[in-house]
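Student: Got a structure here, written out as structure tokens. Questions coming.
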Protein chains: 8
Amino acid sequence: MKDREFLEKIKNGSISIDEGLAYLKDYNFKDLGVAKLDFQREQRRGFPETIFCQGKDDQTLVEIFGAFYDRGQSVLGTRASLDQYKMLKEKIPNLSYNKLARIISLSFEKKDPIGKIAICTGGSADLFVAEEAALTAEFFGARVDRFYDVGVSGLHRLINKIESIRQANVIIAIAGMEGALATVIAGLVDKPIIAVPTSVGYGVSLGGISALLTMLSTCAEGISVVNIDNGYGAAYAACQINRLMEEK
Amino acid sequence: MKDREFLEKIKNGSISIDEGLAYLKDYNFKDLGVAKLDFQREQRRGFPETIFCQGKDDQTLVEIFGAFYDRGQSVLGTRASLDQYKMLKEKIPNLSYNKLARIISLSFEKKDPIGKIAICTGGSADLFVAEEAALTAEFFGARVDRFYDVGVSGLHRLINKIESIRQANVIIAIAGMEGALATVIAGLVDKPIIAVPTSVGYGVSLGGISALLTMLSTCAEGISVVNIDNGYGAAYAACQINRLMEEK
Amino acid sequence: MKDREFLEKIKNGSISIDEGLAYLKDYNFKDLGVAKLDFQREQRRGFPETIFCQGKDDQTLVEIFGAFYDRGQSVLGTRASLDQYKMLKEKIPNLSYNKLARIISLSFEKKDPIGKIAICTGGSADLFVAEEAALTAEFFGARVDRFYDVGVSGLHRLINKIESIRQANVIIAIAGMEGALATVIAGLVDKPIIAVPTSVGYGVSLGGISALLTMLSTCAEGISVVNIDNGYGAAYAACQINRLMEEK
Amino acid sequence: MKDREFLEKIKNGSISIDEGLAYLKDYNFKDLGVAKLDFQREQRRGFPETIFCQGKDDQTLVEIFGAFYDRGQSVLGTRASLDQYKMLKEKIPNLSYNKLARIISLSFEKKDPIGKIAICTGGSADLFVAEEAALTAEFFGARVDRFYDVGVSGLHRLINKIESIRQANVIIAIAGMEGALATVIAGLVDKPIIAVPTSVGYGVSLGGISALLTMLSTCAEGISVVNIDNGYGAAYAACQINRLMEEK
Amino acid sequence: MKDREFLEKIKNGSISIDEGLAYLKDYNFKDLGVAKLDFQREQRRGFPETIFCQGKDDQTLVEIFGAFYDRGQSVLGTRASLDQYKMLKEKIPNLSYNKLARIISLSFEKKDPIGKIAICTGGSADLFVAEEAALTAEFFGARVDRFYDVGVSGLHRLINKIESIRQANVIIAIAGMEGALATVIAGLVDKPIIAVPTSVGYGVSLGGISALLTMLSTCAEGISVVNIDNGYGAAYAACQINRLMEEK
Amino acid sequence: MKDREFLEKIKNGSISIDEGLAYLKDYNFKDLGVAKLDFQREQRRGFPETIFCQGKDDQTLVEIFGAFYDRGQSVLGTRASLDQYKMLKEKIPNLSYNKLARIISLSFEKKDPIGKIAICTGGSADLFVAEEAALTAEFFGARVDRFYDVGVSGLHRLINKIESIRQANVIIAIAGMEGALATVIAGLVDKPIIAVPTSVGYGVSLGGISALLTMLSTCAEGISVVNIDNGYGAAYAACQINRLMEEK
Amino acid sequence: MKDREFLEKIKNGSISIDEGLAYLKDYNFKDLGVAKLDFQREQRRGFPETIFCQGKDDQTLVEIFGAFYDRGQSVLGTRASLDQYKMLKEKIPNLSYNKLARIISLSFEKKDPIGKIAICTGGSADLFVAEEAALTAEFFGARVDRFYDVGVSGLHRLINKIESIRQANVIIAIAGMEGALATVIAGLVDKPIIAVPTSVGYGVSLGGISALLTMLSTCAEGISVVNIDNGYGAAYAACQINRLMEEK
Amino acid sequence: MKDREFLEKIKNGSISIDEGLAYLKDYNFKDLGVAKLDFQREQRRGFPETIFCQGKDDQTLVEIFGAFYDRGQSVLGTRASLDQYKMLKEKIPNLSYNKLARIISLSFEKKDPIGKIAICTGGSADLFVAEEAALTAEFFGARVDRFYDVGVSGLHRLINKIESIRQANVIIAIAGMEGALATVIAGLVDKPIIAVPTSVGYGVSLGGISALLTMLSTCAEGISVVNIDNGYGAAYAACQINRLMEEK
């Protein structure tokens, strides 16, 4: 519920004064004790609140998602296990879940997607990160174009798609193992690139550290990097840029 | 020299056919043997070529900067020592140098700066990185606003400046030691943030690794990260975003 | 049993001379072979003995907790699994257990809590560490005030609570991921801060190493640090300070 | 100058209204551009401001120390080279310097030291850290007792001094190489211990990382740790505790 | 079977010439394809062969232990799981197993133990390593004296036992977490110490790396170190020294 | 199907023009969306395509292997679990599997093996890597000679086999723990050596890092190294050399 | 001097029997005390001996190079400083030196180069490694083709040269920073590639570790790797392959 | 001066009662303030005291060496620079110095060396460590046999010397780079081996870490390890074993 909506409901009586007082008590954040929920976030930052689900216990999750549901606010849950989703689904309506991306979403309004974000992966084992990025970006209102398995060991696959990739406002380049994808794309296009190292690989891939170092020490320009497997964070940063470019 | 300029000079005879043939021979890149210079870069990527000077021997540097000078193309030299600059200056006109930023620049045209990039530092020891970023961004045509020494251990200094910081299209957050600056800014503004860890500190700062890990593992959204002390790379990425937003 | 109590019981005959000799045989420590129990610890150090349960086999645990029970001395078991607790509970009366904090406690006397320790966490995933700290501090006789989910990416939550935090004698700041909480609190209060990095996070969080480095390389003063996830150790150090300040 | 002093001088005319307005302009912090000086710090945090000198250029240092001198406020400079001190001394009166501790101090008032802090080192190569801690603690008003070269490879040296060490309100334990000093002291005394790993050693000492890990993974209680070679930070934390215990 | 025994059996006909030829075919080593067994090892190195069981598949283990059994040679299996033992026991007689130490042994002759090796541990969680060392040393013919849970955080426990520890020819010091035990013992005794870091601990213990660094960077003399959790290797080295001292 | 075969079938009508058009549509690569298959690889690089199975979901694997089967092209699947094989086997004919090597193969033509590659291992726990290398090399058409368990702690086993090893065109040296095998072989033979560190070991073996560092920092010449446990990569590189030497 | 030459000189009396005995005394190796020189190496391994000069003291170097000179055997000195060369040159004739490659060479016979090795670098700062490789390969008798500054951030430079690179028997790919060069070349050619990470870069380049990890964790086939900056080792391995292919 | 000598001098009056009282005041250790000297060490541990000189300031060194000189006790100074020696030599008589080993020695009595310690190095660049070990062992009274440059890349050099090495009571194996020397020796001899990794090498040698890991993760038995470059520590441990074996 946006501020205007709230005030109009007060004015026309669809929310009573007492209900309004209860609502304002949690205006800045609702203090659940174990968590403090930020209901103003969409107004302040432009995107709905996100909950990092991994490691949170069931009761905390129920309280958090329930509070957003009660208030009619959209919310995204990342790194959510299937078990967490099943548990939540029994108590809170309208949740949806994507297993590969490990994302729970609760969405109250649907808008037309804006701009374009290109999401590229080096291999087909990087999909769990790519889909986390893609679903996040779509939840935040961006149009997404997927270019999967275009890694640098077979350059013709990437060259074949490069014209389409150039159409995007911003590019998310996702790769594990040696992580050279972002560097090669940066040499071919002229748009900001958010690089995401993945934990795909073994041995000296070191759970993504190798790809991370590659991306940070790149000799190509225009690349900035987020945490290993952090498809969500890359999508957030890309959506900020995408939105600013469309809003101008 | 842009392509149009070249062709018009051929047409009007100010460049002869033979001169034109020599020019076209190096059209894609000029092969110096030890280096291959990319003259089309400004046309292809929108920003002039940059030379990483550290570790290059004198003769190579003279050949590189000389070739750009001869062709009338702007070029930026990063991580250049004072000695390298002095050596070059004797042979090539019009170079300028900033010692703190370790930047050599050769600039053939001056345009009005566009947009706005905010450059913030945690402390006053981070200036060598901040100035590398600032001078690069200005060389690439962006307007720059500096906010130095606004680190999180004295929050009132940052809060005091936050309204000005919010005016920028994109923010570069530079910090060493524990590197928490980017996280705190991200909680207060709504613009893309490029974070630069610096090697300032000692002991577990590990030459910037500590600040790097902080910035990558941040719980705040909208932050992407470049290599330690890489003011140049942060400025390049910021200028891409700044330009796209202004061009729209 | 304190020394005075022992001697008075000898004097009034409620403990026989032979019982007293057996008691004195284990006065310094009781040698179980696989473990040597320190019964004088509460007298010497002011807090009861603690047993690190992780990795100990069942028989050893039974012998240890049994020996404390037989002697009427309080003891705390940390990092105890639910299975270990269930196994022990069948053999030794009066044990209690907290699953989140993984703490077993055997307590023979209850005193009024003294002073005040503030326990703050960056997020709601840090609770397992925070509760280990809180229950330890309460077991050792301190009053505890909890401030959970006040992380720096939403500063208004922390600012909202800062006056209450300032009331404490000592502050425990617990955070995973980038671990900037301690630094920000240190800029706002004037009390000793014990910082605890947690293993919450993924990728470059490196199981808590990232938060640890942040806390150690902080540019803010008044922060000292304990091992990753070591809620117990932070509580012990905080209780020492809290007690000394109250005893003065 | 404390607030009361300022206001009384305004009242009695020894500061004019115009001078007072200039003074208030910098009340929160003075913005030097490259640095923002925090003049309220002593009032807010109880100890004077400290300047980390390493890596700062000469002009910045002159502006900073000059501003404190002009305002009559004490200030401590850490990690200052002899060259920095000599440069500053020519421009600003009343500075003093300790070469081993690398400390510059500017002190406007002298009070009687309070409480007691024990500073122990494992070896005689750790003195540069110990003296940084000792001079800082003395600058901040604490009484300091030094116990140098009492490392654990010759336990009788430590045992011989342990009664004196126990008299302190708080203990700073400084050691390089394997860094076991803090653990052994913690088993013998009942006071808070701030442990400082030093970079003394070679090979697997890894510039202090080995001692740091030892101190953090200790099995003894009551120890918290600061950054490698951070004598200043240990002293600050110790002074907080020492002052609170004396003020009660 | 020793060489002399073999030749005498040939001479007196209890082994036929053909059997003798088959025996000599494998004299240097028996080539099983996947493994090459060293039957001369006891003669060459003085101790029976040892098999590292972890990661070997069942059939290979059966062939290896079977070959030693057939030839009447003793053999020790380290890091053997209970399942591996059960599988082997069904096919090969006379094996025995210790679950804590994860050791399988096949022993054909029993001699009186010689000399004395002291095995000390910091805590009671280090027993799995200590017992691997103790059983290995006993298998190789040494007398073993156990001193468990004598860690440095309660020095009186170690001091209490130090006279007995001094009686040994060589000392094995086993500790996890901060691993300071070896250093403190080295300051109190005058015998060679083999230090074994263990993986006991959490957080910065880093699976034993912290204790390993402590032991290697010790300021005390007379300590040499083996791999993390390598009770077997420590016992082997100690037995070499113990035997040489007794044989002289 | 090779190009010639395709064109001849078109010519003689056994493939219709429409079938031919469909075939040519995927000529460069077939775009499955989640993966892009490279059918020209055998023609371009001389060896069939390989699929890294680990982490790929079932549907993707079925599409990939099915596409190769449909086109009559051989393909190798590495790091395939038994479950993946069972799932695939139900849908695609003619697959075979080796559990130790974790290899699935689909092979349409059988040629006589050429040249010789020697595969040596330090111990019998390295077999899973050695067999991955051996099966890959045989699939790619090389003759393989196995020398297992010839590690340097019992040099006579290696010396005994060295003449046979010298017969190979190229040697693959596989070892875990301290990984010294490659160095010692390099001192004894005169052929290129591809070294493979394995994850066999514990403690400071660090999952193969220790062996990797050994192999890279060797003082012996003629050794180059691949990733930890990368039997496949070593075999590929060895097959390239073996083939070139035989083709000359 | 080859064996045949030696024996023929004995036969024809140009070497006396006594001289021959002295010669044979050092036949296997000459024991200088501090070093043991391997004169048979060229016969046994096919390439002359090499001396790693870094860290050796002057007297040792003089003895070593002098012994080779006296015996008329070629020898290569790697990682030699200019000072070492100047010192040696005064005492031993016929030495030559390349400063960029840090190579001293003493060469007694000149043969026509055979085969072809392509040496590629990512940038022009990698030349010191590339020239070490090139000079070593030429000293060992190979033909060398140089392709410098063909890094992946400007793919057209590499594509432009790829046909020439494909002509080589073996390719040495040298790159610092993110080190992606080898991966991209491997996707375009069909020859064995020896990859050399260089220490060029800063921050997370970690002195070459980043490029090393990239090269080892590559998803492209046919790449094996040597130590950071090890141009010598790459050349040795390449020369082995090149020679075997030419000799067949 | 030994205790008996002291008491006899008191008895016969060559030391007065007052001198004796002064002597006894420092009996346990002499407290210099910055250092506490252990004069009883030779009596307690059997070897003279050793001073780690690196990082100690001049005045401290003069006090320490002077105190030993005054008391007529031998002392060894390790890691001493030439400058430190020159400074000390001007004030204290009878010091001697070895530049390669960086050892200062002050020796009051000369005994016949006992037993035998073999010191082996992999290369001739490891001599600075080997000589530190050799001189220490000789100072502590052991006979030393040197075997330098017997590394595993040329096995015949080691095999040639192996019989002499076997004669020693204990072997010190010193190697940098890949550090495989100790493993190979352990397979050939039957005596305790103290392994010393050295910092010789570059790139992944990581200043000796690579050799350290090799030595700790060895598959050969009978090896224990000391810190990188710690020739002194290896010699101390070897001397303990050597003395015990000779004294029996």
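Letters A, B, ... mark the chains of the structure tokens in the order given; residue numbers begin at 1 per chain; ligand numbers begin at 1, in order shown.
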Contacts from chain C to chain A, 10 Å maximum, only C-alpha atoms: show me the residue list as a ChimeraX atom specification.
Tutor: /C:100,121-128,146-151,154,156-157,160,200-205
Student: Using only C-alpha atoms, which protein or nucleic acid residues come within 12 Å of H:Lys89? Drop anything in the same chain fewer than 3 positions from it, and give the result as a list in words.
Tutor: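 Counting only the stated atoms, we get Asp58, Leu61, Val62, Phe65, Gly66, Tyr69, Leu82, Asp83, Gln84, Tyr85, Lys86, Ile92, Pro93, Asn94, Leu95, Ser96, Tyr97, Ile104, Ser105 and Leu106 of chain H.
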Student: List every residue of stretch 73-201 of chain G that DSSP, applied to the backbone, labels as strand (DSSP E), and write the result as a PyMOL selection string.
Tutor: chain G and resi 75-78+96-98+103-106+114-121+142-147+170-175+193-197
Student: Export, as a compact mmCIF listing (two decimals), in the first residue's frame, the selected residues with N, CA and C atoms.
Tutor:
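Full text of out-v3.txt as output:
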```txt
# COMPACT_ATOMS: atom_id res chain seq x y z
N VAL G 75 75.95 -24.07 -21.63
CA VAL G 75 75.15 -23.98 -20.40
C VAL G 75 74.34 -22.68 -20.45
N LEU G 76 73.14 -22.73 -19.86
CA LEU G 76 72.25 -21.58 -19.83
C LEU G 76 72.07 -21.14 -18.38
N GLY G 77 72.17 -19.83 -18.13
CA GLY G 77 71.92 -19.33 -16.78
C GLY G 77 70.64 -18.51 -16.77
N THR G 78 69.65 -18.90 -15.94
CA THR G 78 68.38 -18.17 -15.91
C THR G 78 68.30 -17.30 -14.66
N SER G 96 77.23 -14.50 -23.07
CA SER G 96 76.40 -13.38 -23.55
C SER G 96 75.19 -13.23 -22.63
N TYR G 97 74.57 -12.07 -22.69
CA TYR G 97 73.53 -11.76 -21.71
C TYR G 97 72.39 -11.00 -22.36
N ASN G 98 71.14 -11.31 -21.95
CA ASN G 98 69.98 -10.52 -22.35
C ASN G 98 69.30 -9.99 -21.10
N ILE G 103 68.91 -13.66 -18.94
CA ILE G 103 69.53 -14.93 -19.33
C ILE G 103 71.00 -14.73 -19.70
N ILE G 104 71.86 -15.58 -19.09
CA ILE G 104 73.26 -15.69 -19.50
C ILE G 104 73.39 -16.96 -20.35
N SER G 105 74.08 -16.87 -21.47
CA SER G 105 74.28 -18.11 -22.22
C SER G 105 75.74 -18.29 -22.62
N LEU G 106 76.14 -19.55 -22.62
CA LEU G 106 77.49 -19.96 -23.03
C LEU G 106 77.25 -21.08 -24.04
N ILE G 114 65.00 -25.94 -35.57
CA ILE G 114 64.05 -26.92 -36.12
C ILE G 114 62.63 -26.59 -35.69
N GLY G 115 61.66 -27.10 -36.44
CA GLY G 115 60.24 -26.99 -36.10
C GLY G 115 59.78 -25.56 -35.95
N LYS G 116 58.76 -25.35 -35.13
CA LYS G 116 58.32 -23.98 -34.85
C LYS G 116 57.49 -23.93 -33.57
N ILE G 117 57.85 -22.96 -32.73
CA ILE G 117 57.11 -22.71 -31.49
C ILE G 117 56.56 -21.29 -31.57
N ALA G 118 55.23 -21.15 -31.36
CA ALA G 118 54.63 -19.81 -31.34
C ALA G 118 54.57 -19.31 -29.91
N ILE G 119 55.06 -18.10 -29.68
CA ILE G 119 55.01 -17.51 -28.34
C ILE G 119 54.10 -16.29 -28.39
N CYS G 120 52.97 -16.37 -27.66
CA CYS G 120 51.96 -15.30 -27.66
C CYS G 120 51.90 -14.66 -26.28
N THR G 121 51.71 -13.32 -26.24
CA THR G 121 51.49 -12.68 -24.95
C THR G 121 50.20 -11.87 -24.99
N ALA G 142 65.20 -24.55 -31.19
CA ALA G 142 63.90 -24.46 -31.85
C ALA G 142 63.77 -23.15 -32.63
N ARG G 143 62.95 -23.15 -33.69
CA ARG G 143 62.58 -21.93 -34.38
C ARG G 143 61.42 -21.30 -33.60
N VAL G 144 61.46 -19.98 -33.42
CA VAL G 144 60.48 -19.30 -32.58
C VAL G 144 59.77 -18.21 -33.38
N ASP G 145 58.46 -18.13 -33.24
CA ASP G 145 57.68 -17.06 -33.87
C ASP G 145 56.95 -16.28 -32.76
N ARG G 146 57.14 -14.94 -32.73
CA ARG G 146 56.61 -14.14 -31.63
C ARG G 146 55.30 -13.43 -32.01
N PHE G 147 54.29 -13.53 -31.13
CA PHE G 147 53.01 -12.83 -31.32
C PHE G 147 52.70 -12.10 -30.02
N VAL G 170 53.74 -26.25 -31.41
CA VAL G 170 53.28 -26.09 -30.03
C VAL G 170 53.24 -24.59 -29.74
N ILE G 171 52.32 -24.19 -28.87
CA ILE G 171 52.10 -22.77 -28.60
C ILE G 171 52.36 -22.48 -27.13
N ILE G 172 53.08 -21.40 -26.87
CA ILE G 172 53.26 -20.92 -25.50
C ILE G 172 52.40 -19.67 -25.34
N ALA G 173 51.41 -19.73 -24.42
CA ALA G 173 50.50 -18.59 -24.21
C ALA G 173 50.82 -17.94 -22.87
N ILE G 174 51.23 -16.68 -22.91
CA ILE G 174 51.73 -15.98 -21.73
C ILE G 174 50.82 -14.80 -21.41
N ALA G 175 50.30 -14.76 -20.17
CA ALA G 175 49.43 -13.64 -19.82
C ALA G 175 49.38 -13.43 -18.31
N ILE G 193 49.10 -26.49 -26.03
CA ILE G 193 49.37 -25.14 -25.52
C ILE G 193 49.98 -25.24 -24.13
N ILE G 194 51.14 -24.60 -23.97
CA ILE G 194 51.75 -24.47 -22.64
C ILE G 194 51.43 -23.06 -22.17
N ALA G 195 50.70 -22.94 -21.06
CA ALA G 195 50.30 -21.63 -20.58
C ALA G 195 51.22 -21.16 -19.46
N VAL G 196 51.59 -19.88 -19.51
CA VAL G 196 52.46 -19.29 -18.48
C VAL G 196 51.77 -18.08 -17.87
N PRO G 197 51.33 -18.18 -16.61
CA PRO G 197 50.80 -16.98 -15.94
C PRO G 197 51.95 -16.04 -15.61
```
Student: Apply DSSP to the backbone of this structure and, from stretch 19-143 of chain G, keep only the residues in alpha helix (DSSP H); write these as a PyMOL selection string.
Tutor: chain G and resi 19-25+41-45+58-71+82-89+127-139
Student: For the residues in the current selection, export C-alpha atoms as a PDB file, in the first residue's frame.
Tutor:
```pdb
ATOM      1  CA  GLU G  19      93.751 -36.572 -18.774  1.00  0.00           C
ATOM      2  CA  GLY G  20      91.172 -39.180 -19.635  1.00  0.00           C
ATOM      3  CA  LEU G  21      91.167 -40.529 -16.080  1.00  0.00           C
ATOM      4  CA  ALA G  22      90.622 -37.028 -14.690  1.00  0.00           C
ATOM      5  CA  TYR G  23      87.823 -36.555 -17.163  1.00  0.00           C
ATOM      6  CA  LEU G  24      86.115 -39.793 -16.197  1.00  0.00           C
ATOM      7  CA  LYS G  25      86.376 -38.958 -12.494  1.00  0.00           C
ATOM      8  CA  ARG G  41      72.822 -34.116 -19.010  1.00  0.00           C
ATOM      9  CA  GLU G  42      72.876 -33.152 -22.646  1.00  0.00           C
ATOM     10  CA  GLN G  43      73.520 -36.806 -23.556  1.00  0.00           C
ATOM     11  CA  ARG G  44      70.847 -38.084 -21.174  1.00  0.00           C
ATOM     12  CA  ARG G  45      68.110 -35.488 -21.671  1.00  0.00           C
ATOM     13  CA  ASP G  58      79.393 -15.139  -6.756  1.00  0.00           C
ATOM     14  CA  GLN G  59      82.020 -17.741  -5.985  1.00  0.00           C
ATOM     15  CA  THR G  60      79.612 -20.595  -6.585  1.00  0.00           C
ATOM     16  CA  LEU G  61      78.591 -19.115  -9.930  1.00  0.00           C
ATOM     17  CA  VAL G  62      82.185 -18.699 -11.037  1.00  0.00           C
ATOM     18  CA  GLU G  63      82.984 -22.297 -10.172  1.00  0.00           C
ATOM     19  CA  ILE G  64      79.912 -23.572 -11.997  1.00  0.00           C
ATOM     20  CA  PHE G  65      80.243 -21.585 -15.219  1.00  0.00           C
ATOM     21  CA  GLY G  66      84.013 -22.099 -15.169  1.00  0.00           C
ATOM     22  CA  ALA G  67      83.622 -25.862 -14.985  1.00  0.00           C
ATOM     23  CA  PHE G  68      81.304 -25.888 -17.997  1.00  0.00           C
ATOM     24  CA  TYR G  69      83.624 -23.607 -19.917  1.00  0.00           C
ATOM     25  CA  ASP G  70      86.624 -25.793 -19.116  1.00  0.00           C
ATOM     26  CA  ARG G  71      84.818 -28.872 -20.360  1.00  0.00           C
ATOM     27  CA  LEU G  82      73.113  -7.790 -14.598  1.00  0.00           C
ATOM     28  CA  ASP G  83      75.586  -7.681 -11.697  1.00  0.00           C
ATOM     29  CA  GLN G  84      76.015 -11.428 -11.774  1.00  0.00           C
ATOM     30  CA  TYR G  85      76.681 -11.302 -15.492  1.00  0.00           C
ATOM     31  CA  LYS G  86      79.247  -8.518 -15.163  1.00  0.00           C
ATOM     32  CA  MET G  87      81.032 -10.388 -12.401  1.00  0.00           C
ATOM     33  CA  LEU G  88      81.120 -13.608 -14.433  1.00  0.00           C
ATOM     34  CA  LYS G  89      82.129 -11.942 -17.669  1.00  0.00           C
ATOM     35  CA  LEU G 127      57.677  -9.393 -22.510  1.00  0.00           C
ATOM     36  CA  PHE G 128      60.228 -10.268 -19.837  1.00  0.00           C
ATOM     37  CA  VAL G 129      58.656 -13.708 -19.561  1.00  0.00           C
ATOM     38  CA  ALA G 130      58.134 -14.094 -23.292  1.00  0.00           C
ATOM     39  CA  GLU G 131      61.744 -13.307 -24.071  1.00  0.00           C
ATOM     40  CA  GLU G 132      62.961 -15.736 -21.399  1.00  0.00           C
ATOM     41  CA  ALA G 133      60.918 -18.374 -23.191  1.00  0.00           C
ATOM     42  CA  ALA G 134      62.019 -17.300 -26.662  1.00  0.00           C
ATOM     43  CA  LEU G 135      65.740 -17.187 -25.893  1.00  0.00           C
ATOM     44  CA  THR G 136      65.588 -20.511 -24.073  1.00  0.00           C
ATOM     45  CA  ALA G 137      63.811 -22.159 -26.984  1.00  0.00           C
ATOM     46  CA  GLU G 138      66.310 -20.742 -29.451  1.00  0.00           C
ATOM     47  CA  PHE G 139      69.217 -21.856 -27.250  1.00  0.00           C
TER      48      PHE G 139
END
```
Student: Hey, can you check how far atom CA of C:Val152 sits from atom CA of A:Glu247?
Tutor: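 Atom-to-atom, atom CA of C:Val152 to atom CA of A:Glu247, that is 28.7 Å.
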Student: Expressed in Å to a single decimal, how great is the separation between atom CA of F:Asp18 and atom CA of F:Gly72?
Tutor: 18.4 Å
Student: Any idea what the distance is between atom CA of B:Ile17 and atom CA of B:Glu5?
Tutor: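 These two atoms are separated by 14.6 Å.
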